[in-house]
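Dumped target-v3.pdb below, it's PDB, C-alpha atoms and all ligand atoms:
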```pdb
ATOM      1  CA  MET A   1     112.930 179.504 106.555  1.00  0.00           C
ATOM      2  CA  ARG A   2     112.069 176.392 104.561  1.00  0.00           C
ATOM      3  CA  TYR A   3     114.028 175.733 101.383  1.00  0.00           C
ATOM      4  CA  LEU A   4     113.505 173.297  98.543  1.00  0.00           C
ATOM      5  CA  VAL A   5     117.075 172.247  97.657  1.00  0.00           C
ATOM      6  CA  ILE A   6     117.409 170.848  94.145  1.00  0.00           C
ATOM      7  CA  SER A   7     120.177 170.146  91.659  1.00  0.00           C
ATOM      8  CA  ASP A   8     120.746 168.768  88.174  1.00  0.00           C
ATOM      9  CA  ILE A   9     117.238 169.264  86.806  1.00  0.00           C
ATOM     10  CA  HIS A  10     118.814 168.692  83.372  1.00  0.00           C
ATOM     11  CA  ALA A  11     115.876 169.910  81.319  1.00  0.00           C
ATOM     12  CA  ASN A  12     113.573 167.209  82.685  1.00  0.00           C
ATOM     13  CA  LEU A  13     110.341 169.117  83.247  1.00  0.00           C
ATOM     14  CA  LEU A  14     108.250 166.112  84.263  1.00  0.00           C
ATOM     15  CA  ALA A  15     110.702 165.201  87.027  1.00  0.00           C
ATOM     16  CA  PHE A  16     110.875 168.857  88.125  1.00  0.00           C
ATOM     17  CA  ASP A  17     107.085 169.167  88.237  1.00  0.00           C
ATOM     18  CA  ALA A  18     106.802 165.923  90.224  1.00  0.00           C
ATOM     19  CA  VAL A  19     109.240 167.350  92.800  1.00  0.00           C
ATOM     20  CA  LEU A  20     107.350 170.654  92.972  1.00  0.00           C
ATOM     21  CA  ALA A  21     104.040 168.820  93.485  1.00  0.00           C
ATOM     22  CA  ASP A  22     105.511 166.506  96.128  1.00  0.00           C
ATOM     23  CA  ALA A  23     107.094 169.415  98.016  1.00  0.00           C
ATOM     24  CA  ALA A  24     104.142 171.791  97.627  1.00  0.00           C
ATOM     25  CA  ASN A  25     103.469 173.865 100.783  1.00  0.00           C
ATOM     26  CA  ALA A  26     106.661 172.513 102.390  1.00  0.00           C
ATOM     27  CA  PHE A  27     108.988 175.299 101.210  1.00  0.00           C
ATOM     28  CA  ASP A  28     109.169 179.095 100.995  1.00  0.00           C
ATOM     29  CA  LYS A  29     112.055 179.410  98.585  1.00  0.00           C
ATOM     30  CA  ILE A  30     114.123 177.300  96.162  1.00  0.00           C
ATOM     31  CA  TRP A  31     117.896 176.847  96.175  1.00  0.00           C
ATOM     32  CA  CYS A  32     119.009 175.299  92.887  1.00  0.00           C
ATOM     33  CA  LEU A  33     122.566 173.972  92.628  1.00  0.00           C
ATOM     34  CA  GLY A  34     123.084 174.178  88.858  1.00  0.00           C
ATOM     35  CA  ASP A  35     122.693 172.168  85.646  1.00  0.00           C
ATOM     36  CA  VAL A  36     119.179 173.381  84.961  1.00  0.00           C
ATOM     37  CA  VAL A  37     119.706 172.367  81.319  1.00  0.00           C
ATOM     38  CA  GLY A  38     121.643 169.721  79.359  1.00  0.00           C
ATOM     39  CA  TYR A  39     120.741 166.032  78.736  1.00  0.00           C
ATOM     40  CA  GLY A  40     116.953 166.513  78.740  1.00  0.00           C
ATOM     41  CA  PRO A  41     114.361 167.750  76.228  1.00  0.00           C
ATOM     42  CA  TYR A  42     112.714 170.662  78.114  1.00  0.00           C
ATOM     43  CA  PRO A  43     115.409 173.360  78.625  1.00  0.00           C
ATOM     44  CA  ASN A  44     113.174 176.409  78.127  1.00  0.00           C
ATOM     45  CA  GLU A  45     110.343 174.981  80.173  1.00  0.00           C
ATOM     46  CA  CYS A  46     112.660 174.202  83.111  1.00  0.00           C
ATOM     47  CA  VAL A  47     114.252 177.676  83.183  1.00  0.00           C
ATOM     48  CA  GLU A  48     110.784 179.225  82.961  1.00  0.00           C
ATOM     49  CA  ARG A  49     109.324 176.983  85.690  1.00  0.00           C
ATOM     50  CA  LEU A  50     112.212 177.818  88.046  1.00  0.00           C
ATOM     51  CA  ASN A  51     111.577 181.505  87.442  1.00  0.00           C
ATOM     52  CA  GLU A  52     107.977 181.140  88.609  1.00  0.00           C
ATOM     53  CA  PHE A  53     109.389 180.688  92.143  1.00  0.00           C
ATOM     54  CA  ASP A  54     111.328 182.820  94.595  1.00  0.00           C
ATOM     55  CA  HIS A  55     114.726 181.222  94.138  1.00  0.00           C
ATOM     56  CA  LYS A  56     118.524 181.413  94.051  1.00  0.00           C
ATOM     57  CA  CYS A  57     120.505 179.406  91.515  1.00  0.00           C
ATOM     58  CA  ILE A  58     124.159 178.859  90.660  1.00  0.00           C
ATOM     59  CA  ALA A  59     125.763 177.706  87.391  1.00  0.00           C
ATOM     60  CA  GLY A  60     126.684 174.110  86.587  1.00  0.00           C
ATOM     61  CA  ASN A  61     129.042 172.693  83.969  1.00  0.00           C
ATOM     62  CA  HIS A  62     126.223 171.941  81.515  1.00  0.00           C
ATOM     63  CA  ASP A  63     124.838 175.461  81.881  1.00  0.00           C
ATOM     64  CA  TRP A  64     128.306 176.784  81.053  1.00  0.00           C
ATOM     65  CA  ALA A  65     128.727 174.420  78.111  1.00  0.00           C
ATOM     66  CA  VAL A  66     125.472 175.643  76.587  1.00  0.00           C
ATOM     67  CA  LEU A  67     126.809 179.208  76.951  1.00  0.00           C
ATOM     68  CA  ASP A  68     130.098 178.227  75.233  1.00  0.00           C
ATOM     69  CA  LYS A  69     131.984 178.952  78.462  1.00  0.00           C
ATOM     70  CA  LEU A  70     133.353 175.387  78.391  1.00  0.00           C
ATOM     71  CA  ASP A  71     134.860 173.408  75.546  1.00  0.00           C
ATOM     72  CA  VAL A  72     132.242 170.798  74.540  1.00  0.00           C
ATOM     73  CA  THR A  73     134.946 168.481  73.200  1.00  0.00           C
ATOM     74  CA  GLU A  74     135.594 167.687  76.868  1.00  0.00           C
ATOM     75  CA  PHE A  75     132.092 166.211  77.072  1.00  0.00           C
ATOM     76  CA  ASN A  76     131.294 162.668  75.954  1.00  0.00           C
ATOM     77  CA  LEU A  77     129.449 162.353  72.624  1.00  0.00           C
ATOM     78  CA  ASN A  78     126.003 161.942  74.154  1.00  0.00           C
ATOM     79  CA  ALA A  79     126.350 164.892  76.504  1.00  0.00           C
ATOM     80  CA  ARG A  80     127.735 166.944  73.612  1.00  0.00           C
ATOM     81  CA  PHE A  81     124.680 166.098  71.477  1.00  0.00           C
ATOM     82  CA  ALA A  82     122.457 167.468  74.229  1.00  0.00           C
ATOM     83  CA  VAL A  83     124.562 170.627  74.626  1.00  0.00           C
ATOM     84  CA  LEU A  84     124.400 171.419  70.896  1.00  0.00           C
ATOM     85  CA  TRP A  85     120.674 170.605  70.740  1.00  0.00           C
ATOM     86  CA  THR A  86     120.026 172.853  73.752  1.00  0.00           C
ATOM     87  CA  GLN A  87     121.996 175.706  72.165  1.00  0.00           C
ATOM     88  CA  LYS A  88     119.649 175.574  69.173  1.00  0.00           C
ATOM     89  CA  GLU A  89     116.476 175.358  71.263  1.00  0.00           C
ATOM     90  CA  LEU A  90     117.185 177.853  74.033  1.00  0.00           C
ATOM     91  CA  LYS A  91     115.326 181.171  73.792  1.00  0.00           C
ATOM     92  CA  PRO A  92     117.504 184.308  74.125  1.00  0.00           C
ATOM     93  CA  GLU A  93     115.890 185.327  77.407  1.00  0.00           C
ATOM     94  CA  ASN A  94     116.556 181.897  78.931  1.00  0.00           C
ATOM     95  CA  ARG A  95     120.146 182.001  77.704  1.00  0.00           C
ATOM     96  CA  ALA A  96     120.467 185.410  79.382  1.00  0.00           C
ATOM     97  CA  TYR A  97     119.122 183.888  82.595  1.00  0.00           C
ATOM     98  CA  LEU A  98     121.837 181.178  82.516  1.00  0.00           C
ATOM     99  CA  GLU A  99     124.437 183.887  81.815  1.00  0.00           C
ATOM    100  CA  SER A 100     123.389 185.640  85.010  1.00  0.00           C
ATOM    101  CA  LEU A 101     124.090 182.679  87.307  1.00  0.00           C
ATOM    102  CA  PRO A 102     127.016 182.987  89.767  1.00  0.00           C
ATOM    103  CA  LEU A 103     129.421 180.162  90.661  1.00  0.00           C
ATOM    104  CA  TYR A 104     129.083 180.453  94.425  1.00  0.00           C
ATOM    105  CA  LEU A 105     126.469 181.736  96.790  1.00  0.00           C
ATOM    106  CA  LEU A 106     126.522 182.302 100.515  1.00  0.00           C
ATOM    107  CA  GLU A 107     123.004 182.046 101.900  1.00  0.00           C
ATOM    108  CA  ASP A 108     121.348 182.299 105.295  1.00  0.00           C
ATOM    109  CA  GLU A 109     124.777 182.839 106.940  1.00  0.00           C
ATOM    110  CA  GLN A 110     125.528 179.149 107.335  1.00  0.00           C
ATOM    111  CA  PHE A 111     125.278 177.735 103.819  1.00  0.00           C
ATOM    112  CA  THR A 112     127.693 177.787 100.880  1.00  0.00           C
ATOM    113  CA  LEU A 113     126.105 176.752  97.564  1.00  0.00           C
ATOM    114  CA  VAL A 114     128.214 175.394  94.677  1.00  0.00           C
ATOM    115  CA  HIS A 115     127.603 172.954  91.827  1.00  0.00           C
ATOM    116  CA  GLY A 116     130.613 170.613  91.969  1.00  0.00           C
ATOM    117  CA  SER A 117     132.776 171.386  94.987  1.00  0.00           C
ATOM    118  CA  PRO A 118     133.908 174.471  96.913  1.00  0.00           C
ATOM    119  CA  ARG A 119     137.448 173.854  95.625  1.00  0.00           C
ATOM    120  CA  HIS A 120     136.463 173.630  91.925  1.00  0.00           C
ATOM    121  CA  PRO A 121     132.832 174.712  91.649  1.00  0.00           C
ATOM    122  CA  ILE A 122     132.270 173.773  88.030  1.00  0.00           C
ATOM    123  CA  TRP A 123     134.206 170.553  87.545  1.00  0.00           C
ATOM    124  CA  GLU A 124     135.085 168.610  90.665  1.00  0.00           C
ATOM    125  CA  TYR A 125     132.944 165.604  91.608  1.00  0.00           C
ATOM    126  CA  ILE A 126     132.760 164.857  95.338  1.00  0.00           C
ATOM    127  CA  LEU A 127     132.385 161.101  94.946  1.00  0.00           C
ATOM    128  CA  TYR A 128     134.536 159.888  97.830  1.00  0.00           C
ATOM    129  CA  PRO A 129     134.943 160.722 101.539  1.00  0.00           C
ATOM    130  CA  LYS A 130     138.599 161.615 100.958  1.00  0.00           C
ATOM    131  CA  VAL A 131     137.707 164.216  98.325  1.00  0.00           C
ATOM    132  CA  ALA A 132     134.992 165.575 100.607  1.00  0.00           C
ATOM    133  CA  GLN A 133     137.455 165.858 103.490  1.00  0.00           C
ATOM    134  CA  LEU A 134     139.876 167.914 101.356  1.00  0.00           C
ATOM    135  CA  ASN A 135     137.040 170.248 100.414  1.00  0.00           C
ATOM    136  CA  PHE A 136     136.114 171.210 103.980  1.00  0.00           C
ATOM    137  CA  LYS A 137     139.091 173.607 103.901  1.00  0.00           C
ATOM    138  CA  HIS A 138     137.636 175.434 100.929  1.00  0.00           C
ATOM    139  CA  PHE A 139     134.513 176.933 102.500  1.00  0.00           C
ATOM    140  CA  GLU A 140     133.981 178.867 105.681  1.00  0.00           C
ATOM    141  CA  THR A 141     130.358 178.248 106.563  1.00  0.00           C
ATOM    142  CA  THR A 142     129.187 175.306 108.661  1.00  0.00           C
ATOM    143  CA  TYR A 143     127.383 173.688 105.735  1.00  0.00           C
ATOM    144  CA  CYS A 144     128.020 173.350 102.020  1.00  0.00           C
ATOM    145  CA  LEU A 145     125.407 172.252  99.479  1.00  0.00           C
ATOM    146  CA  VAL A 146     126.626 170.594  96.262  1.00  0.00           C
ATOM    147  CA  GLY A 147     125.206 168.663  93.298  1.00  0.00           C
ATOM    148  CA  HIS A 148     126.964 167.432  90.135  1.00  0.00           C
ATOM    149  CA  THR A 149     127.355 163.721  91.030  1.00  0.00           C
ATOM    150  CA  HIS A 150     123.604 163.043  90.705  1.00  0.00           C
ATOM    151  CA  SER A 151     123.672 160.876  93.860  1.00  0.00           C
ATOM    152  CA  PRO A 152     122.270 161.972  97.229  1.00  0.00           C
ATOM    153  CA  VAL A 153     124.824 161.813 100.044  1.00  0.00           C
ATOM    154  CA  ILE A 154     125.974 163.702 103.139  1.00  0.00           C
ATOM    155  CA  TYR A 155     129.618 163.959 104.185  1.00  0.00           C
ATOM    156  CA  ALA A 156     130.445 164.815 107.788  1.00  0.00           C
ATOM    157  CA  GLU A 157     133.832 166.386 108.491  1.00  0.00           C
ATOM    158  CA  ALA A 158     136.321 164.130 110.285  1.00  0.00           C
ATOM    159  CA  GLU A 159     136.581 164.835 114.004  1.00  0.00           C
ATOM    160  CA  ASN A 160     140.349 164.321 114.024  1.00  0.00           C
ATOM    161  CA  PRO A 161     142.755 165.976 111.647  1.00  0.00           C
ATOM    162  CA  GLY A 162     144.313 163.430 109.297  1.00  0.00           C
ATOM    163  CA  SER A 163     141.292 161.114 109.243  1.00  0.00           C
ATOM    164  CA  THR A 164     138.659 161.103 106.542  1.00  0.00           C
ATOM    165  CA  SER A 165     135.069 162.317 106.407  1.00  0.00           C
ATOM    166  CA  GLU A 166     132.097 160.054 107.024  1.00  0.00           C
ATOM    167  CA  ALA A 167     129.721 159.376 104.095  1.00  0.00           C
ATOM    168  CA  ILE A 168     126.054 159.047 105.005  1.00  0.00           C
ATOM    169  CA  ILE A 169     123.978 157.536 102.195  1.00  0.00           C
ATOM    170  CA  PRO A 170     120.193 157.883 102.492  1.00  0.00           C
ATOM    171  CA  GLU A 171     118.687 154.422 102.504  1.00  0.00           C
ATOM    172  CA  SER A 172     115.034 155.258 103.022  1.00  0.00           C
ATOM    173  CA  ASP A 173     112.606 157.190 100.817  1.00  0.00           C
ATOM    174  CA  THR A 174     112.572 159.987 103.380  1.00  0.00           C
ATOM    175  CA  PHE A 175     115.918 160.465 105.089  1.00  0.00           C
ATOM    176  CA  VAL A 176     116.338 163.108 107.783  1.00  0.00           C
ATOM    177  CA  GLN A 177     119.735 164.552 108.726  1.00  0.00           C
ATOM    178  CA  HIS A 178     119.746 166.711 111.838  1.00  0.00           C
ATOM    179  CA  LEU A 179     122.102 169.664 111.563  1.00  0.00           C
ATOM    180  CA  ASN A 180     124.100 170.313 114.677  1.00  0.00           C
ATOM    181  CA  ALA A 181     127.495 171.931 115.000  1.00  0.00           C
ATOM    182  CA  ARG A 182     129.240 169.306 112.854  1.00  0.00           C
ATOM    183  CA  ARG A 183     130.289 170.593 109.446  1.00  0.00           C
ATOM    184  CA  LEU A 184     128.581 168.872 106.524  1.00  0.00           C
ATOM    185  CA  ILE A 185     128.704 168.760 102.736  1.00  0.00           C
ATOM    186  CA  MET A 186     125.212 167.798 101.557  1.00  0.00           C
ATOM    187  CA  ASN A 187     124.080 166.656  98.099  1.00  0.00           C
ATOM    188  CA  PRO A 188     120.316 166.404  97.430  1.00  0.00           C
ATOM    189  CA  GLY A 189     120.829 164.128  94.373  1.00  0.00           C
ATOM    190  CA  SER A 190     119.508 164.873  90.911  1.00  0.00           C
ATOM    191  CA  VAL A 191     115.985 165.876  89.929  1.00  0.00           C
ATOM    192  CA  GLY A 192     116.235 165.020  86.249  1.00  0.00           C
ATOM    193  CA  GLN A 193     118.843 162.272  85.854  1.00  0.00           C
ATOM    194  CA  PRO A 194     119.535 160.297  89.055  1.00  0.00           C
ATOM    195  CA  ARG A 195     122.606 158.043  88.936  1.00  0.00           C
ATOM    196  CA  ASP A 196     122.348 156.063  92.176  1.00  0.00           C
ATOM    197  CA  GLY A 197     120.326 153.210  90.688  1.00  0.00           C
ATOM    198  CA  ASP A 198     116.959 154.710  91.691  1.00  0.00           C
ATOM    199  CA  ALA A 199     115.099 156.221  88.724  1.00  0.00           C
ATOM    200  CA  ARG A 200     112.901 158.471  90.876  1.00  0.00           C
ATOM    201  CA  ALA A 201     113.648 162.187  91.126  1.00  0.00           C
ATOM    202  CA  SER A 202     115.711 163.111  94.178  1.00  0.00           C
ATOM    203  CA  TYR A 203     115.453 166.359  96.147  1.00  0.00           C
ATOM    204  CA  ALA A 204     115.828 167.803  99.644  1.00  0.00           C
ATOM    205  CA  LEU A 205     113.937 170.045 102.049  1.00  0.00           C
ATOM    206  CA  LEU A 206     115.929 172.210 104.429  1.00  0.00           C
ATOM    207  CA  ASP A 207     114.274 173.763 107.451  1.00  0.00           C
ATOM    208  CA  THR A 208     116.547 176.281 109.163  1.00  0.00           C
ATOM    209  CA  GLU A 209     114.301 176.492 112.224  1.00  0.00           C
ATOM    210  CA  THR A 210     114.129 172.791 113.061  1.00  0.00           C
ATOM    211  CA  MET A 211     117.610 172.397 111.490  1.00  0.00           C
ATOM    212  CA  GLU A 212     116.632 169.357 109.461  1.00  0.00           C
ATOM    213  CA  PHE A 213     117.803 168.396 105.976  1.00  0.00           C
ATOM    214  CA  THR A 214     115.419 165.819 104.510  1.00  0.00           C
ATOM    215  CA  ILE A 215     116.247 163.935 101.311  1.00  0.00           C
ATOM    216  CA  LYS A 216     113.228 162.556  99.444  1.00  0.00           C
ATOM    217  CA  ARG A 217     112.386 160.581  96.271  1.00  0.00           C
ATOM    218  CA  VAL A 218     109.396 160.952  93.991  1.00  0.00           C
ATOM    219  CA  PRO A 219     108.402 158.998  90.853  1.00  0.00           C
ATOM    220  CA  TYR A 220     107.561 160.743  87.565  1.00  0.00           C
ATOM    221  CA  ASP A 221     106.494 159.718  84.066  1.00  0.00           C
ATOM    222  CA  VAL A 222     109.874 158.536  82.714  1.00  0.00           C
ATOM    223  CA  GLU A 223     108.331 157.067  79.546  1.00  0.00           C
ATOM    224  CA  LYS A 224     106.808 160.364  78.516  1.00  0.00           C
ATOM    225  CA  VAL A 225     110.196 162.102  78.788  1.00  0.00           C
ATOM    226  CA  GLN A 226     111.829 159.257  76.861  1.00  0.00           C
ATOM    227  CA  ALA A 227     109.219 159.545  74.081  1.00  0.00           C
ATOM    228  CA  LYS A 228     109.944 163.255  73.690  1.00  0.00           C
ATOM    229  CA  MET A 229     113.683 162.552  73.530  1.00  0.00           C
ATOM    230  CA  GLN A 230     113.063 159.918  70.856  1.00  0.00           C
ATOM    231  CA  ARG A 231     111.008 162.354  68.774  1.00  0.00           C
ATOM    232  CA  HIS A 232     113.996 164.720  68.812  1.00  0.00           C
ATOM    233  CA  ASP A 233     116.457 161.924  67.887  1.00  0.00           C
ATOM    234  CA  PHE A 234     118.357 162.000  71.181  1.00  0.00           C
ATOM    235  CA  PRO A 235     120.969 159.199  71.481  1.00  0.00           C
ATOM    236  CA  ALA A 236     119.435 156.012  72.951  1.00  0.00           C
ATOM    237  CA  LYS A 237     121.879 156.026  75.848  1.00  0.00           C
ATOM    238  CA  LEU A 238     120.501 159.369  77.064  1.00  0.00           C
ATOM    239  CA  TRP A 239     116.884 158.233  77.282  1.00  0.00           C
ATOM    240  CA  ASN A 240     117.612 154.633  78.290  1.00  0.00           C
ATOM    241  CA  ARG A 241     119.477 155.619  81.404  1.00  0.00           C
ATOM    242  CA  LEU A 242     116.480 157.491  82.846  1.00  0.00           C
ATOM    243  CA  ALA A 243     114.633 154.191  83.376  1.00  0.00           C
ATOM    244  CA  PHE A 244     117.503 152.727  85.390  1.00  0.00           C
ATOM    245  CA  GLY A 245     118.677 155.750  87.324  1.00  0.00           C
ATOM    246  CA  TYR A 246     122.297 155.729  86.237  1.00  0.00           C
TER
HETATM  247 ZN    ZN B   1     124.656 167.393  86.155  1.00  0.00          ZN
END
```
With the file now loaded, output its structure as structure tokens.
Ligand SMILES: [Zn+2]
Amino acid sequence: MRYLVISDIHANLLAFDAVLADAANAFDKIWCLGDVVGYGPYPNECVERLNEFDHKCIAGNHDWAVLDKLDVTEFNLNARFAVLWTQKELKPENRAYLESLPLYLLEDEQFTLVHGSPRHPIWEYILYPKVAQLNFKHFETTYCLVGHTHSPVIYAEAENPGSTSEAIIPESDTFVQHLNARRLIMNPGSVGQPRDGDARASYALLDTETMEFTIKRVPYDVEKVQAKMQRHDFPAKLWNRLAFGY
């Protein structure tokens, strides 16, 4: 089976559509790792686009915040603006869709899907090899797919107990990780708000026959998204950052 693995679309329809066009004919099904909404100006459109495809999706912290399942005072002011704006904009049927999302999924026997980490699926950021290493105890499958940090990376479990995991950072526009028996935590990066200094949308393709996980980048019309955010009086920091990828 061929999967399009995406995370953190964050209501950025133009980035999402660029990914779908770039990956066209290369996948059978979508796995989405949460945060479909929040930050961006197209929440309804992104939920509706995702639902045009055969897909599985889990909940992220921004999805929960929009549903009032998290206290928005824990968000910074800019993120909170976007949560409150999204609450006003979201159609009831799209809110119901977000309500239906689980926190964990086990797919294709070998893959655990969570937003943040298997230890704390909503909140924890796996930003360091040490944190990744601790998380290998918290899932049973060979592979775990996560999002939440908005930076593509692969962590390979340490061979020896007591040592730390290895972080593999994709350094080319198309980066292929071969899946063998070694346990991995894999993050495809963010579709709608990358934070690794590259403004292009990030996504992955997973082929469970060739056992390859390929992380890719694709440009989209950042200025058009920024203009829509400006029309809706989004804070400058939220639209500025899209141009820099942070
Ligand atoms: Zn996010």
All residues within 6 Å of ligand ZN 1 (chain B) are required, counting only C-alpha atoms and all ligand atoms; please report them as an mmCIF file with C-alpha atoms, keeping the file's coordinate frame.
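Result file is out_29.cif:
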```cif
data_model
loop_
_atom_site.group_PDB
_atom_site.id
_atom_site.type_symbol
_atom_site.label_atom_id
_atom_site.label_comp_id
_atom_site.auth_asym_id
_atom_site.auth_seq_id
_atom_site.Cartn_x
_atom_site.Cartn_y
_atom_site.Cartn_z
ATOM 1 C CA ASP A 8 120.746 168.768 88.174
ATOM 2 C CA ASP A 35 122.693 172.168 85.646
ATOM 3 C CA HIS A 148 126.964 167.432 90.135
#
```
task: Expand the PyMOL selection byres (((chain A and resi 207) around 9) and not hetatm) into the individual residues it matches in the shown file, reporting them as a count of residues only.
output: 14
statement: Expressed in Å, the length from atom CA of A:Thr112 to atom CA of A:Phe139 is 7.1 Å
- prompt: At what distance in Å, to one decimal, does atom CA of A:Ser190 lie from atom CA of A:Val36?
  reply: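 Spanning atom CA of A:Val36 to atom CA of A:Ser190 is a straight-line distance of 10.4 Å.
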query: In Å, with one decimal, what is the gap from atom CA of A:Ala26 to atom CA of A:Gly245?
result: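 Separation of atom CA of A:Ala26 and atom CA of A:Gly245: 25.5 Å.
Shortest atom-to-atom contact with A:His62 among A:Thr86, A:Ser151, A:Asn44, A:Thr142: A:Thr86, counting all atoms listed in the file.
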For stretch 116-133 of chain A, take all atoms listed in the file, fit an axis-aligned box around them, add 5 Å to each of the six sides, then output centre and edge lengths in Å rounded to one decimal, as lines of an AutoDock Vina configuration file.
```
center_x = 134.6
center_y = 167.3
center_z = 95.5
size_x = 18.0
size_y = 24.8
size_z = 25.9
```
field: the PyMOL selection byres (((chain A and resi 246) around 12) and not hetatm) applied to the shown file, residues as a ChimeraX atom specification
entry: /A:149-151,189-190,192-201,237-245
Just to be explicit: take each residue in the selection above, keep C-alpha atoms, and write the result as a tab-separated table (two decimals), keeping the file's coordinate frame.
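result-v8.tsv written:
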```tsv
chain	number	residue	atom	x	y	z
A	149	THR	CA	127.36	163.72	91.03
A	150	HIS	CA	123.60	163.04	90.70
A	151	SER	CA	123.67	160.88	93.86
A	189	GLY	CA	120.83	164.13	94.37
A	190	SER	CA	119.51	164.87	90.91
A	192	GLY	CA	116.24	165.02	86.25
A	193	GLN	CA	118.84	162.27	85.85
A	194	PRO	CA	119.54	160.30	89.06
A	195	ARG	CA	122.61	158.04	88.94
A	196	ASP	CA	122.35	156.06	92.18
A	197	GLY	CA	120.33	153.21	90.69
A	198	ASP	CA	116.96	154.71	91.69
A	199	ALA	CA	115.10	156.22	88.72
A	200	ARG	CA	112.90	158.47	90.88
A	201	ALA	CA	113.65	162.19	91.13
A	237	LYS	CA	121.88	156.03	75.85
A	238	LEU	CA	120.50	159.37	77.06
A	239	TRP	CA	116.88	158.23	77.28
A	240	ASN	CA	117.61	154.63	78.29
A	241	ARG	CA	119.48	155.62	81.40
A	242	LEU	CA	116.48	157.49	82.85
A	243	ALA	CA	114.63	154.19	83.38
A	244	PHE	CA	117.50	152.73	85.39
A	245	GLY	CA	118.68	155.75	87.32
```
- request: Point out the residue among A:Val131, A:Ile9, A:Ala18, A:Ala65 with the least atom-to-atom distance to A:Pro41, counting only C-alpha atoms.
  value: A:Ile9
field: Reference answer for the PyMOL selection byres (((chain A and resi 225) around 8) and not hetatm), as a ChimeraX atom specification
entry: /A:12,14,41,221-224,226-229,239
field: Test item: which residues lie within 8 Å of (128.4, 173.2, 92.3) counting all atoms listed in the file, as a PyMOL selection string
entry: chain A and resi 33-34+58-60+103-104+113-118+121-123+145-148
Requested write-out: C-alpha atoms of the selected residues, as a PDB file, in the coordinates of the input:
```pdb
ATOM      1  CA  LEU A  33     122.566 173.972  92.628  1.00  0.00           C
ATOM      2  CA  GLY A  34     123.084 174.178  88.858  1.00  0.00           C
ATOM      3  CA  ILE A  58     124.159 178.859  90.660  1.00  0.00           C
ATOM      4  CA  ALA A  59     125.763 177.706  87.391  1.00  0.00           C
ATOM      5  CA  GLY A  60     126.684 174.110  86.587  1.00  0.00           C
ATOM      6  CA  LEU A 103     129.421 180.162  90.661  1.00  0.00           C
ATOM      7  CA  TYR A 104     129.083 180.453  94.425  1.00  0.00           C
ATOM      8  CA  LEU A 113     126.105 176.752  97.564  1.00  0.00           C
ATOM      9  CA  VAL A 114     128.214 175.394  94.677  1.00  0.00           C
ATOM     10  CA  HIS A 115     127.603 172.954  91.827  1.00  0.00           C
ATOM     11  CA  GLY A 116     130.613 170.613  91.969  1.00  0.00           C
ATOM     12  CA  SER A 117     132.776 171.386  94.987  1.00  0.00           C
ATOM     13  CA  PRO A 118     133.908 174.471  96.913  1.00  0.00           C
ATOM     14  CA  PRO A 121     132.832 174.712  91.649  1.00  0.00           C
ATOM     15  CA  ILE A 122     132.270 173.773  88.030  1.00  0.00           C
ATOM     16  CA  TRP A 123     134.206 170.553  87.545  1.00  0.00           C
ATOM     17  CA  LEU A 145     125.407 172.252  99.479  1.00  0.00           C
ATOM     18  CA  VAL A 146     126.626 170.594  96.262  1.00  0.00           C
ATOM     19  CA  GLY A 147     125.206 168.663  93.298  1.00  0.00           C
ATOM     20  CA  HIS A 148     126.964 167.432  90.135  1.00  0.00           C
TER      21      HIS A 148
END
```
message: Residues within 9 Å of A:Ala167, please, as a PyMOL selection string. Count all atoms listed in the file; anything in the same chain fewer than 3 positions from it doesn't count.
response: chain A and resi 128-129+132+153-156
Write out, as a PDB file, keeping the file's coordinate frame, the residues just selected, with C-alpha atoms.
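Generated file (result07.pdb):
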```
ATOM      1  CA  TYR A 128     134.536 159.888  97.830  1.00  0.00           C
ATOM      2  CA  PRO A 129     134.943 160.722 101.539  1.00  0.00           C
ATOM      3  CA  ALA A 132     134.992 165.575 100.607  1.00  0.00           C
ATOM      4  CA  VAL A 153     124.824 161.813 100.044  1.00  0.00           C
ATOM      5  CA  ILE A 154     125.974 163.702 103.139  1.00  0.00           C
ATOM      6  CA  TYR A 155     129.618 163.959 104.185  1.00  0.00           C
ATOM      7  CA  ALA A 156     130.445 164.815 107.788  1.00  0.00           C
TER       8      ALA A 156
END
```
query: Nearest to A:Cys57: which of A:Glu89, A:Asp71, A:Glu107, A:Glu45 is it, counting all atoms listed in the file?
result: A:Glu107
task: Write out as an NGL selection string each polymer residue whose atoms come within 7 Å of A:Phe175, counting all atoms listed in the file; drop sequence neighbours fewer than 5 positions from it.
output: :A and (170 or 214-216)
query: Any idea what's packed within 9 Å of A:Leu90, counting all atoms listed in the file, ignoring anything in its chain fewer than 3 positions away? Could you give it as a PyMOL selection string?
result: chain A and resi 43-44+66+85-87+93-95
Using C-alpha atoms, can you write the selected residues to a file as a PDB file, keeping the file's coordinate frame?
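As written to disk, again.pdb reads:
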```pdb
ATOM      1  CA  PRO A  43     115.409 173.360  78.625  1.00  0.00           C
ATOM      2  CA  ASN A  44     113.174 176.409  78.127  1.00  0.00           C
ATOM      3  CA  VAL A  66     125.472 175.643  76.587  1.00  0.00           C
ATOM      4  CA  TRP A  85     120.674 170.605  70.740  1.00  0.00           C
ATOM      5  CA  THR A  86     120.026 172.853  73.752  1.00  0.00           C
ATOM      6  CA  GLN A  87     121.996 175.706  72.165  1.00  0.00           C
ATOM      7  CA  GLU A  93     115.890 185.327  77.407  1.00  0.00           C
ATOM      8  CA  ASN A  94     116.556 181.897  78.931  1.00  0.00           C
ATOM      9  CA  ARG A  95     120.146 182.001  77.704  1.00  0.00           C
TER      10      ARG A  95
END
```
